[in-house]
Every structure is written in C-alpha cells, then in structure tokens.
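**Student:** To be precise about what I am sending: the file is called protein-v9.txt and holds compact mmCIF, C-alpha atoms.
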```txt
# COMPACT_ATOMS: atom_id res chain seq x y z
CA MET T 18 219.43 -54.76 -11.12
CA GLN T 19 222.13 -52.10 -10.79
CA VAL T 20 223.05 -50.61 -14.18
CA ALA T 21 226.20 -48.51 -13.98
CA PHE T 22 227.17 -45.96 -16.64
CA ALA T 23 230.86 -45.04 -16.40
CA LEU T 24 231.95 -41.44 -16.93
CA TYR T 25 235.41 -39.95 -17.46
CA ARG T 26 236.66 -36.61 -18.66
CA GLY T 27 236.03 -36.38 -22.40
CA PHE T 28 233.30 -39.03 -22.68
CA THR T 29 230.72 -38.62 -25.45
CA ALA T 30 227.32 -37.71 -24.01
CA LEU T 31 225.19 -39.62 -26.53
CA ASP T 32 227.19 -42.82 -25.88
CA VAL T 33 225.86 -42.66 -22.33
CA ILE T 34 222.39 -41.20 -22.78
CA GLY T 35 221.35 -43.42 -25.71
CA PRO T 36 221.48 -46.67 -23.71
CA PHE T 37 220.61 -44.80 -20.51
CA GLN T 38 217.20 -43.81 -21.84
CA VAL T 39 216.44 -47.42 -22.75
CA LEU T 40 217.82 -49.07 -19.62
CA ALA T 41 217.02 -46.49 -16.93
CA ASP T 42 213.35 -46.40 -17.94
CA THR T 43 213.06 -50.19 -17.53
CA PRO T 44 211.16 -51.15 -14.37
CA GLY T 45 213.38 -52.72 -11.70
CA HIS T 46 216.54 -51.05 -12.97
CA ASP T 47 218.64 -48.92 -10.65
CA ALA T 48 220.60 -46.72 -13.06
CA VAL T 49 223.65 -44.98 -11.65
CA LEU T 50 226.18 -42.66 -13.26
CA VAL T 51 229.58 -43.44 -11.78
CA ALA T 52 233.07 -41.96 -12.12
CA ALA T 53 236.40 -41.84 -10.31
CA GLU T 54 234.82 -39.22 -8.05
CA ALA T 55 231.19 -38.26 -7.56
CA GLY T 56 230.16 -34.93 -9.09
CA PRO T 57 230.10 -33.31 -12.53
CA VAL T 58 232.23 -34.88 -15.27
CA VAL T 59 232.96 -32.92 -18.44
CA ASP T 60 231.86 -34.51 -21.72
CA HIS T 61 233.91 -34.29 -24.92
CA THR T 62 232.33 -31.01 -26.00
CA GLY T 63 232.74 -29.38 -22.60
CA ARG T 64 229.11 -28.27 -22.85
CA ALA T 65 227.08 -31.19 -21.48
CA PRO T 66 228.62 -32.33 -18.20
CA LEU T 67 226.89 -35.27 -16.56
CA VAL T 68 226.83 -35.69 -12.81
CA ALA T 69 228.22 -38.91 -11.34
CA ALA T 70 226.01 -39.88 -8.41
CA LYS T 71 228.67 -42.22 -7.03
CA ALA T 72 232.40 -42.88 -7.10
CA PHE T 73 233.78 -46.13 -8.52
CA SER T 74 234.59 -47.21 -4.97
CA GLU T 75 230.90 -46.96 -4.06
CA VAL T 76 229.83 -49.23 -6.93
CA PRO T 77 231.86 -52.41 -6.42
CA ALA T 78 229.37 -54.97 -7.77
CA PRO T 79 227.17 -53.60 -10.58
CA ASP T 80 225.08 -56.11 -12.52
CA ILE T 81 225.54 -54.32 -15.84
CA ILE T 82 228.19 -51.82 -16.85
CA ILE T 83 228.13 -49.50 -19.85
CA VAL T 84 231.45 -47.91 -20.85
CA PRO T 85 231.02 -45.03 -23.30
CA GLY T 86 233.48 -43.79 -25.89
CA GLY T 87 234.99 -40.36 -26.16
CA ARG T 88 238.42 -38.79 -26.44
CA THR T 89 240.12 -42.08 -25.75
CA GLY T 90 243.55 -41.27 -27.14
CA VAL T 91 244.49 -40.86 -23.48
CA LEU T 92 242.83 -43.22 -21.02
CA ASP T 93 241.80 -42.73 -17.41
CA ASN T 94 243.52 -45.54 -15.57
CA ARG T 95 241.03 -45.40 -12.71
CA LEU T 96 238.31 -46.54 -15.10
CA VAL T 97 240.54 -49.31 -16.47
CA GLU T 98 241.08 -50.58 -12.91
CA TRP T 99 237.39 -50.40 -12.06
CA ILE T 100 236.48 -52.40 -15.17
CA ARG T 101 239.05 -55.06 -14.18
CA ALA T 102 237.66 -55.14 -10.65
CA VAL T 103 233.95 -55.39 -11.44
CA HIS T 104 233.90 -57.40 -14.67
CA PRO T 105 234.28 -60.87 -13.10
CA ALA T 106 230.97 -60.47 -11.23
CA THR T 107 228.90 -58.57 -13.80
CA THR T 108 225.99 -60.15 -15.62
CA TRP T 109 226.75 -58.04 -18.69
CA THR T 110 229.77 -55.90 -19.52
CA THR T 111 229.10 -53.53 -22.39
CA SER T 112 230.63 -50.66 -24.29
CA VAL T 113 229.58 -48.06 -26.83
CA CYS T 114 231.92 -46.60 -29.47
CA THR T 115 235.50 -46.35 -28.22
CA GLY T 116 234.41 -47.59 -24.82
CA SER T 117 235.69 -50.89 -26.21
CA ILE T 118 239.19 -49.38 -26.17
CA TYR T 119 238.76 -49.32 -22.38
CA LEU T 120 237.54 -52.91 -22.31
CA ALA T 121 240.49 -54.00 -24.44
CA THR T 122 242.98 -52.10 -22.29
CA ALA T 123 241.51 -53.78 -19.23
CA GLY T 124 242.34 -57.10 -20.89
CA LEU T 125 238.78 -58.22 -21.56
CA LEU T 126 238.99 -58.53 -25.33
CA ASP T 127 242.15 -60.59 -25.97
CA GLY T 128 241.29 -62.61 -29.06
CA VAL T 129 237.65 -61.68 -28.72
CA ASP T 130 235.37 -60.43 -31.54
CA ALA T 131 234.32 -56.85 -30.78
CA THR T 132 233.43 -53.56 -32.39
CA THR T 133 234.12 -49.86 -31.86
CA HIS T 134 233.81 -46.57 -33.74
CA TRP T 135 234.77 -47.30 -37.35
CA ALA T 136 237.74 -44.91 -37.21
CA TRP T 137 239.23 -46.91 -34.32
CA ALA T 138 239.15 -50.41 -35.85
CA GLU T 139 242.93 -50.73 -36.18
CA ARG T 140 243.55 -49.45 -32.67
CA LEU T 141 241.14 -52.03 -31.27
CA ASN T 142 242.99 -54.78 -33.12
CA GLU T 143 246.35 -53.47 -31.87
CA LEU T 144 244.99 -53.96 -28.35
CA GLY T 145 244.36 -57.65 -29.03
CA ALA T 146 240.70 -57.72 -30.02
CA HIS T 147 239.29 -58.88 -33.33
CA TYR T 148 237.35 -56.00 -34.87
CA LEU T 149 234.06 -56.70 -36.62
CA ALA T 150 232.28 -54.00 -38.62
CA ASP T 151 228.93 -54.93 -37.04
CA ARG T 152 226.68 -52.57 -35.14
CA VAL T 153 226.38 -54.77 -32.06
CA VAL T 154 228.71 -57.68 -31.24
CA GLU T 155 227.76 -60.10 -28.46
CA ARG T 156 230.32 -62.63 -27.22
CA GLY T 157 229.50 -64.36 -23.95
CA LYS T 158 228.54 -61.65 -21.49
CA ILE T 159 230.42 -58.91 -23.35
CA ILE T 160 228.49 -56.71 -25.78
CA THR T 161 230.30 -54.03 -27.74
CA ALA T 162 228.55 -51.49 -29.95
CA ALA T 163 229.82 -49.39 -32.86
CA GLY T 164 230.05 -45.58 -32.88
CA VAL T 165 228.04 -43.23 -30.64
CA SER T 166 224.40 -43.73 -31.71
CA SER T 167 224.73 -47.54 -31.75
CA GLY T 168 224.32 -47.64 -27.98
CA ILE T 169 220.56 -47.36 -28.49
CA ASP T 170 220.51 -50.52 -30.62
CA MET T 171 222.81 -52.27 -28.14
CA ALA T 172 220.55 -51.46 -25.20
CA LEU T 173 217.53 -52.88 -27.03
CA VAL T 174 219.46 -56.08 -27.76
CA LEU T 175 220.37 -56.24 -24.09
CA LEU T 176 216.75 -55.80 -22.97
CA ASP T 177 215.75 -58.63 -25.28
CA ARG T 178 218.40 -60.89 -23.72
CA LEU T 179 217.34 -59.93 -20.22
CA TYR T 180 213.55 -59.94 -20.50
CA GLY T 181 212.49 -60.95 -24.00
CA PRO T 182 210.89 -59.14 -26.93
CA VAL T 183 207.87 -57.60 -25.19
CA VAL T 184 210.04 -55.49 -22.90
CA ALA T 185 212.49 -54.63 -25.69
CA GLN T 186 209.74 -53.67 -28.14
CA SER T 187 207.97 -51.62 -25.47
CA ALA T 188 211.17 -49.68 -24.83
CA GLN T 189 211.63 -49.12 -28.56
CA LEU T 190 208.09 -47.81 -28.93
CA ALA T 191 208.37 -45.63 -25.82
CA ILE T 192 211.35 -43.78 -27.31
CA GLU T 193 209.75 -43.92 -30.79
CA TYR T 194 212.90 -45.46 -32.24
CA ASP T 195 211.76 -45.62 -35.84
CA PRO T 196 214.88 -44.11 -37.40
CA GLN T 197 214.54 -42.13 -40.61
CA PRO T 198 217.82 -40.29 -41.13
CA PRO T 199 217.65 -37.88 -44.08
CA PHE T 200 220.78 -39.45 -45.59
CA ASP T 201 222.21 -42.95 -45.78
CA ALA T 202 225.70 -42.01 -44.67
CA GLY T 203 225.92 -43.65 -41.25
CA SER T 204 228.83 -46.00 -41.92
CA PRO T 205 231.94 -45.99 -44.14
CA ALA T 206 230.31 -48.73 -46.23
CA LYS T 207 227.41 -46.40 -47.06
CA ALA T 208 228.78 -42.85 -46.92
CA PRO T 209 230.41 -41.28 -49.98
CA ALA T 210 234.18 -41.90 -49.84
CA ALA T 211 234.81 -38.16 -49.76
CA ILE T 212 232.77 -37.86 -46.55
CA THR T 213 234.69 -40.70 -44.91
CA ASP T 214 237.98 -39.11 -45.95
CA LEU T 215 236.83 -35.85 -44.39
CA VAL T 216 235.73 -37.32 -41.07
CA ARG T 217 238.39 -39.98 -40.44
CA PRO T 218 241.38 -37.73 -39.67
CA ARG T 219 239.31 -35.60 -37.30
CA LEU T 220 238.36 -38.53 -35.09
CA SER T 221 241.15 -41.07 -35.45
CA PRO T 222 243.25 -42.31 -32.50
CA THR T 223 246.12 -40.03 -33.51
CA SER T 224 243.93 -36.93 -34.01
CA GLU T 225 244.33 -33.86 -31.87
CA TRP T 226 240.67 -34.27 -30.95
CA ALA T 227 241.12 -37.74 -29.45
CA ASN T 228 244.19 -36.72 -27.49
CA THR T 229 243.00 -33.45 -26.00
CA LEU T 230 240.81 -33.36 -22.92
CA PRO T 231 238.20 -30.59 -22.59
CA ASP T 232 238.47 -28.01 -19.83
CA ASP T 233 235.88 -27.68 -17.08
CA MET Z 8 225.64 -19.52 -34.02
CA GLN Z 9 224.23 -19.93 -30.52
CA VAL Z 10 222.31 -23.20 -30.16
CA ALA Z 11 220.30 -23.29 -26.93
CA PHE Z 12 218.94 -26.51 -25.41
CA ALA Z 13 216.17 -25.80 -22.90
CA LEU Z 14 215.98 -27.80 -19.67
CA TYR Z 15 213.20 -28.08 -17.09
CA ARG Z 16 212.50 -30.46 -14.24
CA GLY Z 17 211.39 -33.77 -15.75
CA PHE Z 18 212.86 -33.35 -19.24
CA THR Z 19 213.90 -36.51 -21.11
CA ALA Z 20 217.68 -36.73 -21.38
CA LEU Z 21 217.84 -38.35 -24.83
CA ASP Z 22 215.57 -35.62 -26.27
CA VAL Z 23 218.36 -33.18 -25.43
CA ILE Z 24 221.48 -35.24 -26.00
CA GLY Z 25 220.44 -36.73 -29.36
CA PRO Z 26 220.35 -33.39 -31.19
CA PHE Z 27 223.05 -32.01 -28.90
CA GLN Z 28 225.62 -34.51 -30.14
CA VAL Z 29 224.88 -33.59 -33.75
CA LEU Z 30 224.68 -29.82 -33.29
CA ALA Z 31 227.28 -29.20 -30.58
CA ASP Z 32 229.96 -31.04 -32.56
CA THR Z 33 229.36 -28.82 -35.61
CA PRO Z 34 232.16 -26.27 -36.08
CA GLY Z 35 231.07 -22.70 -35.34
CA HIS Z 36 228.26 -23.74 -33.03
CA ASP Z 37 228.12 -22.40 -29.49
CA ALA Z 38 225.95 -24.97 -27.70
CA VAL Z 39 224.47 -23.93 -24.39
CA LEU Z 40 222.22 -25.75 -21.94
CA VAL Z 41 219.80 -23.24 -20.48
CA ALA Z 42 217.09 -23.34 -17.81
CA ALA Z 43 215.12 -21.04 -15.53
CA GLU Z 44 218.18 -21.00 -13.28
CA ALA Z 45 221.75 -22.09 -13.99
CA GLY Z 46 222.82 -25.33 -12.32
CA PRO Z 47 221.74 -28.99 -12.31
CA VAL Z 48 218.27 -29.81 -13.63
CA VAL Z 49 216.72 -33.20 -12.88
CA ASP Z 50 215.74 -35.31 -15.87
CA HIS Z 51 212.59 -37.46 -15.95
CA THR Z 52 214.34 -40.47 -14.41
CA GLY Z 53 215.97 -38.46 -11.65
CA ARG Z 54 219.25 -40.23 -12.50
CA ALA Z 55 220.79 -38.13 -15.27
CA PRO Z 56 220.67 -34.47 -14.29
CA LEU Z 57 222.10 -32.08 -16.85
CA VAL Z 58 223.75 -28.85 -15.84
CA ALA Z 59 222.38 -25.60 -17.26
CA ALA Z 60 225.32 -23.31 -17.97
CA LYS Z 61 223.06 -20.27 -18.16
CA ALA Z 62 219.69 -18.99 -17.00
CA PHE Z 63 216.99 -18.06 -19.52
CA SER Z 64 217.63 -14.39 -18.72
CA GLU Z 65 221.23 -14.79 -19.86
CA VAL Z 66 220.23 -16.23 -23.26
CA PRO Z 67 217.88 -13.60 -24.72
CA ALA Z 68 218.69 -14.04 -28.43
CA PRO Z 69 219.65 -17.62 -29.36
CA ASP Z 70 219.87 -18.45 -33.06
CA ILE Z 71 218.44 -21.94 -32.62
CA ILE Z 72 216.41 -23.35 -29.77
CA ILE Z 73 215.71 -27.01 -29.03
CA VAL Z 74 212.87 -27.74 -26.60
CA PRO Z 75 212.90 -31.35 -25.36
CA GLY Z 76 209.96 -33.43 -24.20
CA GLY Z 77 209.49 -35.03 -20.83
CA ARG Z 78 206.88 -35.16 -18.10
CA THR Z 79 204.86 -32.42 -19.74
CA GLY Z 80 201.54 -33.03 -18.01
CA VAL Z 81 202.51 -30.04 -15.91
CA LEU Z 82 204.41 -27.27 -17.66
CA ASP Z 83 207.07 -24.88 -16.40
CA ASN Z 84 205.67 -21.46 -17.21
CA ARG Z 85 209.12 -19.90 -17.16
CA LEU Z 86 210.04 -21.96 -20.22
CA VAL Z 87 206.78 -21.01 -21.95
CA GLU Z 88 207.60 -17.34 -21.41
CA TRP Z 89 211.16 -17.74 -22.65
CA ILE Z 90 209.97 -19.45 -25.82
CA ARG Z 91 207.54 -16.57 -26.44
CA ALA Z 92 210.29 -14.05 -25.84
CA VAL Z 93 213.02 -15.56 -28.02
CA HIS Z 94 211.05 -17.14 -30.87
CA PRO Z 95 210.51 -13.96 -32.93
CA ALA Z 96 214.27 -13.55 -33.42
CA THR Z 97 215.38 -17.17 -33.77
CA THR Z 98 216.58 -18.61 -37.04
CA TRP Z 99 215.11 -21.99 -36.13
CA THR Z 100 212.74 -22.96 -33.34
CA THR Z 101 212.66 -26.71 -32.78
CA SER Z 102 211.26 -29.33 -30.46
CA VAL Z 103 211.69 -33.02 -29.78
CA CYS Z 104 208.91 -35.29 -28.50
CA THR Z 105 206.49 -33.45 -26.20
CA GLY Z 106 208.64 -30.34 -26.44
CA SER Z 107 206.03 -29.40 -29.05
CA ILE Z 108 203.49 -29.20 -26.21
CA TYR Z 109 205.60 -26.30 -24.96
CA LEU Z 110 205.70 -24.68 -28.40
CA ALA Z 111 201.92 -25.04 -28.73
CA THR Z 112 201.31 -23.63 -25.25
CA ALA Z 113 203.49 -20.66 -26.15
CA GLY Z 114 201.14 -20.06 -29.09
CA LEU Z 115 203.56 -20.98 -31.85
CA LEU Z 116 201.56 -23.82 -33.39
CA ASP Z 117 198.05 -22.42 -33.85
CA GLY Z 118 196.80 -24.10 -37.03
CA VAL Z 119 200.31 -25.29 -37.83
CA ASP Z 120 201.29 -28.83 -38.89
CA ALA Z 121 203.50 -30.36 -36.19
CA THR Z 122 204.42 -33.62 -34.53
CA THR Z 123 205.05 -34.94 -31.03
CA HIS Z 124 205.35 -38.25 -29.20
CA TRP Z 125 202.68 -40.54 -30.69
CA ALA Z 126 200.89 -40.87 -27.34
CA TRP Z 127 200.40 -37.08 -27.21
CA ALA Z 128 198.83 -36.52 -30.64
CA GLU Z 129 195.39 -35.61 -29.30
CA ARG Z 130 196.80 -33.26 -26.69
CA LEU Z 131 198.79 -31.44 -29.36
CA ASN Z 132 195.63 -30.99 -31.43
CA GLU Z 133 193.70 -29.77 -28.37
CA LEU Z 134 196.33 -27.04 -28.09
CA GLY Z 135 195.57 -25.84 -31.61
CA ALA Z 136 198.19 -27.58 -33.71
CA HIS Z 137 197.57 -30.04 -36.52
CA TYR Z 138 199.30 -33.31 -35.63
CA LEU Z 139 201.10 -35.25 -38.34
CA ALA Z 140 202.43 -38.75 -37.71
CA ASP Z 141 205.73 -37.89 -39.40
CA ARG Z 142 209.13 -38.19 -37.81
CA VAL Z 143 210.21 -34.63 -38.60
CA VAL Z 144 207.83 -31.81 -39.59
CA GLU Z 145 209.23 -28.56 -40.97
CA ARG Z 146 206.96 -25.54 -41.39
CA GLY Z 147 208.67 -22.23 -41.94
CA LYS Z 148 211.33 -21.90 -39.27
CA ILE Z 149 209.63 -24.32 -36.89
CA ILE Z 150 210.76 -27.94 -36.89
CA THR Z 151 209.06 -30.44 -34.61
CA ALA Z 152 210.22 -34.04 -34.18
CA ALA Z 153 208.39 -37.15 -32.97
CA GLY Z 154 209.20 -39.09 -29.80
CA VAL Z 155 212.56 -39.03 -27.97
CA SER Z 156 215.03 -40.61 -30.43
CA SER Z 157 213.72 -38.58 -33.39
CA GLY Z 158 215.75 -35.59 -32.25
CA ILE Z 159 218.77 -37.16 -33.93
CA ASP Z 160 216.99 -37.25 -37.31
CA MET Z 161 215.69 -33.71 -36.75
CA ALA Z 162 219.17 -32.36 -36.04
CA LEU Z 163 220.53 -33.92 -39.23
CA VAL Z 164 217.69 -32.32 -41.23
CA LEU Z 165 218.54 -29.02 -39.58
CA LEU Z 166 222.24 -29.32 -40.46
CA ASP Z 167 221.28 -29.98 -44.07
CA ARG Z 168 219.12 -26.83 -44.11
CA LEU Z 169 221.88 -24.78 -42.52
CA TYR Z 170 224.96 -26.02 -44.37
CA GLY Z 171 223.98 -28.62 -46.95
CA PRO Z 172 224.51 -32.36 -47.30
CA VAL Z 173 228.28 -32.57 -46.79
CA VAL Z 174 228.05 -31.23 -43.25
CA ALA Z 175 224.94 -33.27 -42.46
CA GLN Z 176 226.41 -36.50 -43.84
CA SER Z 177 229.68 -35.88 -42.01
CA ALA Z 178 227.78 -35.52 -38.74
CA GLN Z 179 225.83 -38.71 -39.45
CA LEU Z 180 229.03 -40.63 -40.15
CA ALA Z 181 230.80 -39.18 -37.10
CA ILE Z 182 228.09 -40.54 -34.79
CA GLU Z 183 227.82 -43.71 -36.92
CA TYR Z 184 224.07 -43.24 -37.25
CA ASP Z 185 223.36 -46.38 -39.24
CA PRO Z 186 220.41 -47.59 -37.18
CA GLN Z 187 219.77 -51.32 -36.92
CA PRO Z 188 217.26 -51.81 -34.11
CA PRO Z 189 216.69 -55.51 -33.32
CA PHE Z 190 212.93 -55.06 -33.73
CA ASP Z 191 210.68 -53.00 -35.99
CA ALA Z 192 208.48 -51.65 -33.23
CA GLY Z 193 209.39 -47.98 -33.19
CA SER Z 194 205.99 -46.51 -34.02
CA PRO Z 195 202.36 -47.48 -33.42
CA ALA Z 196 202.05 -48.18 -37.16
CA LYS Z 197 204.75 -50.85 -36.88
CA ALA Z 198 204.61 -52.22 -33.35
CA PRO Z 199 202.25 -55.08 -32.46
CA ALA Z 200 198.95 -53.62 -31.20
CA ALA Z 201 199.47 -55.33 -27.85
CA ILE Z 202 202.74 -53.44 -27.35
CA THR Z 203 201.10 -50.11 -28.17
CA ASP Z 204 198.26 -50.89 -25.76
CA LEU Z 205 200.83 -51.64 -23.08
CA VAL Z 206 202.88 -48.48 -23.53
CA ARG Z 207 200.19 -45.88 -24.25
CA PRO Z 208 198.60 -45.61 -20.78
CA ARG Z 209 202.02 -45.37 -19.12
CA LEU Z 210 203.06 -42.30 -21.12
CA SER Z 211 199.83 -40.52 -22.03
CA PRO Z 212 199.05 -36.91 -20.98
CA THR Z 213 196.78 -38.15 -18.19
CA SER Z 214 199.26 -40.75 -16.88
CA GLU Z 215 200.72 -40.53 -13.42
CA TRP Z 216 204.13 -40.54 -15.07
CA ALA Z 217 203.49 -37.41 -17.12
CA ASN Z 218 202.05 -35.53 -14.17
CA THR Z 219 204.63 -36.35 -11.52
CA LEU Z 220 207.93 -34.48 -11.31
CA PRO Z 221 211.02 -36.36 -10.13
CA ASP Z 222 212.75 -35.42 -6.89
CA ASP Z 223 216.27 -34.06 -6.79
```
Can you present the structure in this file as structure tokens?
**Tutor:**
Amino acid sequence: MQVAFALYRGFTALDVIGPFQVLADTPGHDAVLVAAEAGPVVDHTGRAPLVAAKAFSEVPAPDIIIVPGGRTGVLDNRLVEWIRAVHPATTWTTSVCTGSIYLATAGLLDGVDATTHWAWAERLNELGAHYLADRVVERGKIITAAGVSSGIDMALVLLDRLYGPVVAQSAQLAIEYDPQPPFDAGSPAKAPAAITDLVRPRLSPTSEWANTLPDD
Amino acid sequence: MQVAFALYRGFTALDVIGPFQVLADTPGHDAVLVAAEAGPVVDHTGRAPLVAAKAFSEVPAPDIIIVPGGRTGVLDNRLVEWIRAVHPATTWTTSVCTGSIYLATAGLLDGVDATTHWAWAERLNELGAHYLADRVVERGKIITAAGVSSGIDMALVLLDRLYGPVVAQSAQLAIEYDPQPPFDAGSPAKAPAAITDLVRPRLSPTSEWANTLPDD
C-alpha cells in the first residue's frame, strides 16, 4: 500500500506529519514524501523543510494520496497536474486543510461536499465544491479534512475504513491521541468572536501570508 | 525568543511538528531545529527526515527547548549533554512523549513529577522521576507531555503561560484544533484492554522497535 504525501513550497508541516504519523506507522504501508522534484521542500514557516524522497514522475500510481494545506493563495501547477493524473487510480484521495483547494482546482470537487480550513470556506465554494463545516468529510473515495490538526482525525477515519476499528484504535493509542486542549477555541463556532476576528484576516485567501512563499 | 527543537536519529516526527506548528507560527519566535550536527536527521520511520538548521554547539542559549520522543531505548549522549548544558539558562525546558527519558537521564527529573508515553511510565520512574498519567505536567520551568500527539496540547499550555489566553486561543483556532477522533481509545484508561495489550509490547522500552535505529 503506497501512501504518498504531497509537498510543495509553503506547505504546512503539521498537515503532513499529523496523518503521516498515523499512516506511516501502520504495518504494510509504504509512506513516501513526494514533490515536483526530490529533495528538501520548504514549509510555510521556512523552518521545517521536509525532504521529498521521490519526484511526482516517480510516483505515478499511489494507492492513497494526502494533499496538505499551506500558503495556497498561489498554487503549484505541477501538483495540480499530478493530482489529476493519479486520482483516477487511487483507492483514497485525501486532503488536509487547504489541500482541498488543490483538489478543487484539479476538478475533483465539482458539486461535491468537502471541507477545508474554516477561513477558506468561501474560496472552496468559489471553486465549485460545497463546503461543510465538519472536521472530516467522506464522499466516495475522497476524504477532506478541516484545518491543520484535523489530519490526525482524518487518518484515523481512513484506517478504520481500510482495516477496521482494532487497527484504528491501536494507532490512536500508540500516539496517545487523547486530546485535552487547555481552551475550547478550536473552531469559529467555539472560539470567542474576537479571536476569530483576529485570526481570520491573517490566514484568509487574500492575506499576504497566503500569497507569499517562504524563502529557502 | 529562540525556540529550539532537538532532533536525534529515531525521533518521532509528530512529537516535533505538533508543538512546532503552534510555537513557530507565534510572532517573535525564532524556531530552530537543532541536532548534534546540522543536516538531515532520520525520524523513527525512516521516511520523514527533518533537517537540523544548526548543530547543538551553535545553539548554546535557547530560551525554550522541546525534546521529542522516539526510539529511546538507546540514547544519543550528545543530546543528553546539550540538555545539561542549556537547561540552567532556559526559560522553559519541555519534552514530548519519551523525550522525558532524555530529561530524566540528564538529571533534570530527580524526584520531580513528570509524564511520558504511557508505555514508558515504569522506565521514567526507574530514572528517578515520579510519573503522572496526566497529559501535560508543569513543575517549575519544566513541562513534560504524554505520548506523541500531546505536544500540541503542551505547546498551547506554554503559549498561555508566556502570553496569556488570547495568543493561545488564536493559535488553537489557527490550527483548527477542535479534536474529534472517531474513537475514544487515546489512553490506556479509555482504550479496550485488548488494544492496550496489543500495543504495549510493540512500543515498550524493551521492544525491538525502541532499541533499533532506522537507517538513512
């Protein structure tokens, strides 16, 4: 089972490593980090580059793909093309956070229920999808997850679909995923409005952040 | 504010990247991945190397350190020495998962309440600490977190201590940390006993896993 995690300049590291830790530790999984070219790829902070083991051209038929979010105001067309090329033969096509902006741009979400980072809901709809404010949305073989940390939940859902609850629960226990955040501010429905108002403009599709790529 | 994430061969990627995403995205933070030598360091799967920007010798006075867990049956003495050297001047010394085994080995946890991955509780006590089955344990300037995913919760607690609830809640909302795992099996107190019995021998201090370092 080849599980391919797509990288591009400006990706968010936790979007990748959350589901990676769940799926790469599963017996029988061949996890591979993949990008337009093999080698280091700069994350959105510029401080946690991940190393692509293979180029897109070397991974033409992955069983599962995970497309992370990041500074997706500008998209890498090579990733869009790779998604289009591999999706027809995948078992599961998944995204975390604004990775769904890539799926939508590749034409996979036309009229399809999907989710993304809460600040990108309108943009996802503009691209033809139907945004749901759920943490994990499964439609056919496409699973989209909400912002950043939701990739962990998504990967556990995926393990359950693939192998059933014993494997999924074992993975959850192995990473001691018994969340106890010190605040209950993880979504706009729960956070104080003032916090949402503070964060939204920083991360929105038109923000400087989303439209600026980090240096090497 | 220099925030240093320690790497060593066999570290667990999510132990690093969970708190990294919270702390590196905080304005005014200079996040740096650090290891015995600068350059790529292989994680416990061998599939997600992270790149140390600096060697330990180049980071002699970090404000905050985060020591991740991993295959800590065998320890890297260079990290133990670095922890001993930098701890007296840190503002906060923290660990995720079996990173606390490193803190204990460095002599920081003698008689001190601390936590670790649930499968390593006895080992932590053998090293002189007093294990608590809590997700985040704060004692003076030392904060230890439980297994793997708990580093996210720990980093949010740390942000609250440093800057108060507005900054911590903003970080939580930015990464949409509104956990909804599909099962409630994230700790031995909650998982079915059969699941715990399955996972424990795979990850324990005497397991092959914990005592084998991955290849490059």
**Student:** Which chain T residues are at most 6 Å from chain Z (counting all atoms listed in the file), as an MDAnalysis selection string?
**Tutor:** chainID T and resid 31 34 67 164:166 170 186:187 189:190 192:195 198 202:204 212
**Student:** Neighbours of segment 97-102 of chain Z within 9 Å (only C-alpha atoms; same-chain residues fewer than 6 positions away dropped), as a ChimeraX atom specification?
**Tutor:** /Z:22,68-76,90,108-110,123,147-153,158,161,165
**Student:** May I have the protein, DNA and RNA residues with any atom at most 10 Å from the point (244.7, -42.7, -24.3), counting all atoms listed in the file, written as a ChimeraX atom specification?
**Tutor:** /T:88-94,118-119,122,222-223,227-229
**Student:** Output C-alpha atoms for every residue in the selection just made, as a short mmCIF file (atom, residue, chain, number, x, y, z; two decimals), in the frame of the given file.
**Tutor:**
```cif
data_model
loop_
_atom_site.label_atom_id
_atom_site.label_comp_id
_atom_site.auth_asym_id
_atom_site.auth_seq_id
_atom_site.Cartn_x
_atom_site.Cartn_y
_atom_site.Cartn_z
CA ARG T 88 238.42 -38.79 -26.44
CA THR T 89 240.12 -42.08 -25.75
CA GLY T 90 243.55 -41.27 -27.14
CA VAL T 91 244.49 -40.86 -23.48
CA LEU T 92 242.83 -43.22 -21.02
CA ASP T 93 241.80 -42.73 -17.41
CA ASN T 94 243.52 -45.54 -15.57
CA ILE T 118 239.19 -49.38 -26.17
CA TYR T 119 238.76 -49.32 -22.38
CA THR T 122 242.98 -52.10 -22.29
CA PRO T 222 243.25 -42.31 -32.50
CA THR T 223 246.12 -40.03 -33.51
CA ALA T 227 241.12 -37.74 -29.45
CA ASN T 228 244.19 -36.72 -27.49
CA THR T 229 243.00 -33.45 -26.00
#
```
**Student:** One number please: atom CA of Gly124 of chain T to atom CA of Gly56 of chain T, in Å, one decimal.
**Tutor:** 27.9 Å
**Student:** Work out how far apart atom CA of Ser224 of chain T and atom CA of Leu141 of chain T are and give it in Å to one decimal.
**Tutor:**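 So the answer is 15.6 Å.
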**Student:** Kindly provide, as a list in words, the polymer residues lying within 8 Å of (233.0, -44.0, -16.3), counting only C-alpha atoms and using the coordinates exactly as they appear in the file.
**Tutor:**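 Checking each residue against the 8 Å limit leaves Phe22, Ala23, Leu24, Tyr25, Leu50, Val51, Ala52, Ala53, Val84, Pro85 and Leu96 of chain T.
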**Student:** Around all the atoms of segment 47-51 of chain T listed in the file, with 8 Å of room on each side, what axis-aligned box do you get, giving centre and edge lengths in Å to one decimal, as JSON?
**Tutor:**
```
{"center_x": 224.1, "center_y": -45.8, "center_z": -12.0, "size_x": 26.9, "size_y": 22.3, "size_z": 18.6}
```
**Student:** What does the distance from atom CA of Glu65 of chain Z to atom CA of Ala111 of chain Z come to in Å, to one decimal?
**Tutor:**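 Value for the atom CA of Glu65 of chain Z-atom CA of Ala111 of chain Z distance: 23.6 Å.
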**Student:** Please, can segment 172-179 of chain Z be completed to N, CA, C and O atoms and returned as a short mmCIF file (atom, residue, chain, number, x, y, z; two decimals), in the frame of the given file?
**Tutor:**
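Result file is rebuild-v2.cif:
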```
data_model
loop_
_atom_site.label_atom_id
_atom_site.label_comp_id
_atom_site.auth_asym_id
_atom_site.auth_seq_id
_atom_site.Cartn_x
_atom_site.Cartn_y
_atom_site.Cartn_z
N PRO Z 172 224.36 -30.93 -47.58
CA PRO Z 172 224.51 -32.36 -47.30
C PRO Z 172 225.89 -32.81 -46.84
O PRO Z 172 225.99 -33.81 -46.14
N VAL Z 173 226.95 -32.10 -47.22
CA VAL Z 173 228.28 -32.57 -46.79
C VAL Z 173 228.41 -32.49 -45.27
O VAL Z 173 228.86 -33.44 -44.62
N VAL Z 174 227.97 -31.39 -44.71
CA VAL Z 174 228.05 -31.23 -43.25
C VAL Z 174 227.11 -32.21 -42.55
O VAL Z 174 227.48 -32.86 -41.57
N ALA Z 175 225.90 -32.36 -43.09
CA ALA Z 175 224.94 -33.27 -42.46
C ALA Z 175 225.41 -34.72 -42.54
O ALA Z 175 225.33 -35.48 -41.56
N GLN Z 176 225.93 -35.12 -43.70
CA GLN Z 176 226.41 -36.50 -43.84
C GLN Z 176 227.65 -36.75 -42.98
O GLN Z 176 227.82 -37.83 -42.42
N SER Z 177 228.50 -35.73 -42.86
CA SER Z 177 229.68 -35.88 -42.01
C SER Z 177 229.27 -36.10 -40.56
O SER Z 177 229.85 -36.93 -39.85
N ALA Z 178 228.26 -35.36 -40.11
CA ALA Z 178 227.78 -35.52 -38.74
C ALA Z 178 227.18 -36.91 -38.55
O ALA Z 178 227.40 -37.57 -37.52
N GLN Z 179 226.44 -37.37 -39.55
CA GLN Z 179 225.83 -38.71 -39.45
C GLN Z 179 226.91 -39.79 -39.35
O GLN Z 179 226.81 -40.72 -38.54
#
```
